[in-house]
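Heads up, the thing below is written out as structure tokens.
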Amino acid sequence: MTDANAYLDGQALAMITGRCWPAMTASVPGFHAIPDDRVLMIGTRALDELEVGPLKDSDITTLDAAQARDSSAAVTALAARVDAVHIHLDLDAYDPSIAPANSYAAPDGLFPADVDAVLRELSGQTRISSATLASWDPAHDTDHRLRDVALDVVDLLAALARSDR
């Protein structure tokens with residue numbers, strides 16, 4: 001459990017950084033935990049109190065939406081430590097004024113220009129090796145605005161991948 005509501009979305013990051021399910025992750029051929037200083041969380045907000053302490057005590061860099069608008073230093077620091085990055089974009093990181101991604105959407109999120117700028121900055125400094133888009137419930141996106149934003153992100157990632165060759 002990663003928060004008081006048993007919402008397990010953070011569990012994947014906990015597994016990747018070696019915080020949970022060590023026996024299970026050890027059974028994956030070639031698995032090794034990723035050091036905290038190789039994780040950059042952008043658009044972080046609405047954390048449960050059980051998430052705040054472990055994040056604060058870690059070497060994971062977290063940027064809220066306002067800080068994400070000037071993420072160059074954090075991206076540069078990350079790029080100096082890695083050869084490539086995996087992008088995991090929870091669509092509920094976007095501000096719900098665009099469209100709520102799901103029932104967990106919280107105010108003060110990212111806007112498309114914020115995400116595009118970070119992706120371009122990352123691509124300019126390191127290779128984007130893979131990406132996932134997650135945490136979208138179409139039942140909450142009744143006019144398909146967030147769907148369209150997500151498709152624009154996929155198009156941008158494809159363009160950045162083509163220019164990376």
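Following the order of the structure tokens, first chain is A, next is B, and so on, with residues numbered from 1 inside each chain and ligands from 1 in the order they appear.
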
Within 6 Å of segment 123-140 of chain A using only C-alpha atoms, minus same-chain residues under 2 positions, as an NGL selection string: :A and (79 or 84-91 or 100-102 or 120-121 or 142)

Per-residue DSSP, chain A, filtered to strand (DSSP E or B), as a list in words: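 Taking chain A and keeping strand (DSSP E or B) gives Leu40, Met41, Ile42, Thr61, Thr62, Leu63, Ala84, Val85, His86, Ile87, His88, Leu89, Asp90, Tyr94, Leu110, Arg127, Ile128, Ser129, Ser130, Ala131, Thr132, Leu133 and Ala134 of chain A.
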
Closest of A:Val115, A:Leu122, A:Cys20, A:Ala33 to Ala74 of chain A - atom-to-atom distances counting only C-alpha atoms: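 Using only C-alpha atoms, the shortest distance to Ala74 of chain A belongs to A:Leu122.
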
If you run DSSP on the backbone here, which positions in segment 36-132 of chain A get helix (DSSP H, G or I)? Please write them as a PDB file with C-alpha atoms, in the first residue's frame.
```
ATOM      1  CA  ASP A  36      16.525   7.572  -6.491  1.00  0.00           C
ATOM      2  CA  ASP A  37      18.710  10.244  -8.072  1.00  0.00           C
ATOM      3  CA  ARG A  38      17.701   8.885 -11.482  1.00  0.00           C
ATOM      4  CA  GLU A  49       0.619  11.980   3.997  1.00  0.00           C
ATOM      5  CA  LEU A  50       2.056   8.450   3.753  1.00  0.00           C
ATOM      6  CA  GLU A  51       3.725   9.446   0.467  1.00  0.00           C
ATOM      7  CA  VAL A  52       5.148  12.791   1.588  1.00  0.00           C
ATOM      8  CA  GLY A  53       7.653  11.455   4.136  1.00  0.00           C
ATOM      9  CA  PRO A  54       9.264   8.768   1.983  1.00  0.00           C
ATOM     10  CA  LEU A  55       9.553  11.156  -0.969  1.00  0.00           C
ATOM     11  CA  LYS A  56      11.018  13.890   1.211  1.00  0.00           C
ATOM     12  CA  ALA A  65       3.475  22.262 -11.736  1.00  0.00           C
ATOM     13  CA  ALA A  66       4.855  25.745 -11.041  1.00  0.00           C
ATOM     14  CA  GLN A  67       8.396  24.393 -10.663  1.00  0.00           C
ATOM     15  CA  ALA A  68       7.952  22.318 -13.830  1.00  0.00           C
ATOM     16  CA  SER A  72      15.877  23.022 -16.991  1.00  0.00           C
ATOM     17  CA  ALA A  73      18.206  22.602 -14.009  1.00  0.00           C
ATOM     18  CA  ALA A  74      16.491  19.390 -12.882  1.00  0.00           C
ATOM     19  CA  VAL A  75      16.495  17.987 -16.426  1.00  0.00           C
ATOM     20  CA  THR A  76      20.167  18.885 -16.884  1.00  0.00           C
ATOM     21  CA  ALA A  77      21.064  17.213 -13.576  1.00  0.00           C
ATOM     22  CA  LEU A  78      19.153  14.067 -14.532  1.00  0.00           C
ATOM     23  CA  ALA A  79      20.641  13.964 -18.035  1.00  0.00           C
ATOM     24  CA  ALA A  80      24.131  14.051 -16.512  1.00  0.00           C
ATOM     25  CA  ARG A  81      23.368  10.810 -14.625  1.00  0.00           C
ATOM     26  CA  LEU A  91      -2.664  11.937 -17.545  1.00  0.00           C
ATOM     27  CA  ASP A  92      -4.077  13.106 -14.228  1.00  0.00           C
ATOM     28  CA  ALA A  93      -0.912  15.210 -13.931  1.00  0.00           C
ATOM     29  CA  PRO A 112       0.077  20.906 -22.418  1.00  0.00           C
ATOM     30  CA  ALA A 113       2.757  23.565 -22.954  1.00  0.00           C
ATOM     31  CA  ASP A 114       4.419  22.506 -19.676  1.00  0.00           C
ATOM     32  CA  VAL A 115       4.611  18.846 -20.681  1.00  0.00           C
ATOM     33  CA  ASP A 116       5.734  19.655 -24.226  1.00  0.00           C
ATOM     34  CA  ALA A 117       8.538  21.893 -22.920  1.00  0.00           C
ATOM     35  CA  VAL A 118       9.805  19.233 -20.500  1.00  0.00           C
ATOM     36  CA  LEU A 119       9.722  16.530 -23.186  1.00  0.00           C
ATOM     37  CA  ARG A 120      11.623  18.753 -25.620  1.00  0.00           C
ATOM     38  CA  GLU A 121      14.160  19.645 -22.926  1.00  0.00           C
ATOM     39  CA  LEU A 122      14.671  15.977 -22.060  1.00  0.00           C
ATOM     40  CA  SER A 123      15.004  15.013 -25.709  1.00  0.00           C
ATOM     41  CA  GLY A 124      17.569  17.750 -26.216  1.00  0.00           C
ATOM     42  CA  GLN A 125      19.741  16.454 -23.377  1.00  0.00           C
TER      43      GLN A 125
END
```

Arg19 of chain A environment, 12 Å, only C-alpha atoms, sequence neighbours closer than 5 positions dropped, as a list in words: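 My reading of the contact set: Met1, Thr2, Gly10, Gln11, Ala12, Leu13, Ala14, Met24, Thr25, His32, Ala33, Ile34, Pro35, Asp36, Pro54, Leu55 and Ser58 of chain A.
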